[in-house]
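As structure tokens, the structure follows; a few thoughts come after it.
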Amino acid sequence: MQTSSTSQSDHLVQILPPEEGGSERLSWTLRPISSQATDAFAASVDLIAPYLSQVEEKLRQQASCFVPGVDHYIAYACGGTGKRLRPVLALLAGGATGAILSEHLDLAVILELVHIASLVHDDIMDGADLRRERPTLNAKWGNSLSVLVGDVLFAHALKMATNFSKIELCRRIADAASNVCSGEILQTEHRFDLNLSLPDYYRMVEMKTGSLFSTACELGARLNESTSEVIESLKNYGNKIGIAYQILDDCIDLVGNEEKVGKTLGTDLLGGKFTLPILMLLQTSPKKEKEELHQLLLNKQGIDAVSLISRTMAQGAFTSSVKEAERLIEEAEYELSSLSENSYVTGLRGLATYLRGMLQTVSGR
């Protein structure tokens with residue numbers, strides 16, 4: 001039985017369709033999110049709506065910074081709709097610690113560009129055809145061109161960061177971009193790794209997702225010259241919210257519906273990325289069942305996703321993953337206790353409420 005991460009690096013699998021008359025994957029798709037959660041998110045965004053509109057306009061303007069022939073690829077990459085969570089966090093952190101400055105808008109744009117660049121590369125590696133309800137760059141123009149678009153977006157974001165008057169801000173953004181890429185490298189290195197530990201999983205998630213969330217919050221406070229205690233609290237808040245968000249995304253990749261979510265799903269299993277529900281299932285299963293799981297996960301004929309998801313549900317691995325994300329959200333909210341209360345701090349709490357509501361949709365509670 002193959003258990004190492006390296007010799008399975010070129011292992012190709014497919015998701016097998018459910019047998020006729022058998023369980024349907026759609027039985028686990030997302031439930032409607034509660035009005036409390038959607039209202040909380042809407043209220044958070046409304047606080048910064050004028051600033052967020054300016055961020056959107058600045059993102060659209062980035063294409064003009066590139067030579068003709070390149071600009072339309074950048075315009076397409078930046079033109080997709082999304083929740084813009086990293087800009088939202090940067091702006092809310094600014095409001096929570098003082099005024100929302102023009103530098104906060106620049107920070108929001110830079111972090112979103114780094115995020116977009118990472119998505120371009122993710123879609124190439126995952127072979128994804130759909131992102132934000134549109135064809136991915138690789139689906140439209142192929143992998144070779146798309147990887148270069150991702151590269152130039154990273155470079156452009158870091159170039160923009162050099163405009164900050166304090167070099168420390170530029171360094172922190174560069175660190176975050178490096179962490180995102182390093183986290184993806186580690187995740188790719190551990191494809192089909194049946195021995196991947198939970199600490200290693202959390203380390204990768206903290207780097208590839210938590211780092212941009214935490215940087216948005218940290219630098220949002222630094223721009224207002226907040227105290228070290230407030231900066232650290234917001235940094236920790238962003239990191240924990242980011243990890244919880246990634247766990248949510250892991251769960252959606254297993255049980256979501258592409259038409260509702262607006263992107264290609266099932267890519268984690270296809271690519272051998274064993275996310276938290278799968279890792280918890282592997283670690284809690286008895287020896288005999290674990291051997292069966294190994295066969296399911298490394299089956300060259302294809303992965304029986306219905307059987308695998310059924311096991312995560314029946315053995316509590318899926319529920320445990322949701323509870324772990326909820327624990328992180330609760331810890332993130334606690335980090336806000338060191339801040340003076342205002343409407344923007346309430347907005348940060350609203351984001352936590354929204355993520356908690358999303359977790360309830362995948363858990364069926």
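A note on labels: chains of the structure tokens are A, B, ... as shown, every chain counts residues from 1, and ligands are counted from 1 in their shown order.
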Those of range 143-355 of chain A in DSSP helix (DSSP H, G or I), formatted as number ranges by chain: A: 143-161, 167-189, 198-222, 228-255, 258-261, 267-270, 276-284, 287-297, 305-314, 317-338, 343-355
Would you kindly return, as a PDB file with C-alpha atoms, in the first residue's frame, each protein, DNA or RNA residue with an atom no farther than 8 Å from any atom of range 73-75 of chain A, considering only C-alpha atoms and excluding same-chain residues fewer than 5 positions away?
```pdb
ATOM      1  CA  ARG A  60     -10.340  47.658 -12.710  1.00  0.00           C
ATOM      2  CA  GLN A  62      -4.795  47.983 -12.830  1.00  0.00           C
ATOM      3  CA  ALA A  63      -5.052  46.684 -16.396  1.00  0.00           C
ATOM      4  CA  VAL A 149      -0.501  36.149 -15.806  1.00  0.00           C
ATOM      5  CA  LEU A 153       0.106  39.892 -10.909  1.00  0.00           C
TER       6      LEU A 153
END
```
CA of Lys166 in chain A to CA of Glu206 in chain A, distance in Å rounded to a single decimal: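 Going from CA of Lys166 in chain A over to CA of Glu206 in chain A, I get 25.3 Å.
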Separation of CA of Asp175 in chain A from CA of Phe192 in chain A in Å: 27.9 Å
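Checking A:Cys181, A:Met280, A:Ala305, A:Val45 one by one against Thr319 in chain A, counting only C-alpha atoms, you find the shortest gap at A:Met280.
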Which of A:Ala139, A:Leu234, A:Val205, A:Leu119 sits closest to Gly220 in chain A [using only C-alpha atoms]: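 Closest residue, counting only C-alpha atoms: A:Leu234.
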Straight-line distance linking CA of Pro286 in chain A with CA of Arg191 in chain A, stated in Å to one decimal: 22.8 Å
A:Ala96, A:Val230, A:Ala90, A:Leu169 ranked by distance to Asn342 in chain A, top pick (using only C-alpha atoms): A:Ala96
Counting only C-alpha atoms, the option among A:Ala352, A:Ala176, A:Cys78, A:Leu293 closest to Leu137 in chain A: A:Cys78
Nearby residues (only C-alpha atoms) at most 10 Å from Arg222 in chain A, same-chain spacing under 3 positions excluded, as a ChimeraX atom specification: /A:93-94,97,168-169,216-219,225-228,230-232
Take the residues that were just selected and, keeping N, CA and C atoms, output them as a JSON list (two decimals), in the first residue's frame.
```json
[["chain", "number", "residue", "atom", "x", "y", "z"],
["A", 93, "ALA", "N", -10.49, 46.80, 9.63],
["A", 93, "ALA", "CA", -9.41, 46.96, 10.61],
["A", 93, "ALA", "C", -8.99, 48.42, 10.69],
["A", 94, "GLY", "N", -9.00, 49.11, 9.54],
["A", 94, "GLY", "CA", -8.69, 50.54, 9.56],
["A", 94, "GLY", "C", -9.73, 51.32, 10.34],
["A", 97, "THR", "N", -9.61, 50.89, 14.14],
["A", 97, "THR", "CA", -8.46, 51.46, 14.86],
["A", 97, "THR", "C", -8.25, 52.95, 14.58],
["A", 168, "GLU", "N", 8.47, 48.69, 6.39],
["A", 168, "GLU", "CA", 7.98, 47.53, 7.12],
["A", 168, "GLU", "C", 6.67, 47.00, 6.50],
["A", 169, "LEU", "N", 5.85, 47.90, 6.01],
["A", 169, "LEU", "CA", 4.59, 47.48, 5.39],
["A", 169, "LEU", "C", 4.87, 46.67, 4.13],
["A", 216, "ALA", "N", -3.95, 41.55, 6.29],
["A", 216, "ALA", "CA", -4.96, 42.60, 6.07],
["A", 216, "ALA", "C", -5.32, 43.28, 7.38],
["A", 217, "CYS", "N", -5.55, 42.48, 8.41],
["A", 217, "CYS", "CA", -5.94, 43.05, 9.71],
["A", 217, "CYS", "C", -4.77, 43.74, 10.40],
["A", 218, "GLU", "N", -3.62, 43.10, 10.36],
["A", 218, "GLU", "CA", -2.44, 43.68, 11.02],
["A", 218, "GLU", "C", -2.07, 45.02, 10.42],
["A", 219, "LEU", "N", -1.94, 45.07, 9.09],
["A", 219, "LEU", "CA", -1.50, 46.31, 8.44],
["A", 219, "LEU", "C", -2.59, 47.37, 8.44],
["A", 225, "GLU", "N", -1.16, 53.45, 13.18],
["A", 225, "GLU", "CA", -0.18, 53.51, 14.27],
["A", 225, "GLU", "C", -0.81, 53.08, 15.60],
["A", 226, "SER", "N", -1.52, 51.97, 15.54],
["A", 226, "SER", "CA", -2.15, 51.42, 16.75],
["A", 226, "SER", "C", -1.09, 50.86, 17.69],
["A", 227, "THR", "N", -1.50, 50.56, 18.90],
["A", 227, "THR", "CA", -0.59, 49.96, 19.88],
["A", 227, "THR", "C", -0.23, 48.55, 19.45],
["A", 228, "SER", "N", 0.88, 48.08, 19.96],
["A", 228, "SER", "CA", 1.34, 46.72, 19.62],
["A", 228, "SER", "C", 0.30, 45.67, 20.04],
["A", 230, "VAL", "N", -3.02, 46.03, 20.15],
["A", 230, "VAL", "CA", -4.12, 46.04, 19.21],
["A", 230, "VAL", "C", -3.70, 45.40, 17.88],
["A", 231, "ILE", "N", -2.50, 45.72, 17.43],
["A", 231, "ILE", "CA", -1.99, 45.14, 16.18],
["A", 231, "ILE", "C", -1.92, 43.63, 16.28],
["A", 232, "GLU", "N", -1.39, 43.13, 17.39],
["A", 232, "GLU", "CA", -1.26, 41.68, 17.58],
["A", 232, "GLU", "C", -2.63, 41.02, 17.66]]
```
Which of A:Gly127, A:Gly347, A:Gly150, A:Gly210 sits closest to Val70 in chain A [using only C-alpha atoms]: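 With only C-alpha atoms as the atom set, the closest residue is A:Gly150.
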Which residue of A:Gln295, A:Thr361, A:Ser307, A:Asn195 approaches Leu282 in chain A most closely, using only C-alpha atoms: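 Closest to Leu282 in chain A, using only C-alpha atoms: A:Asn195.
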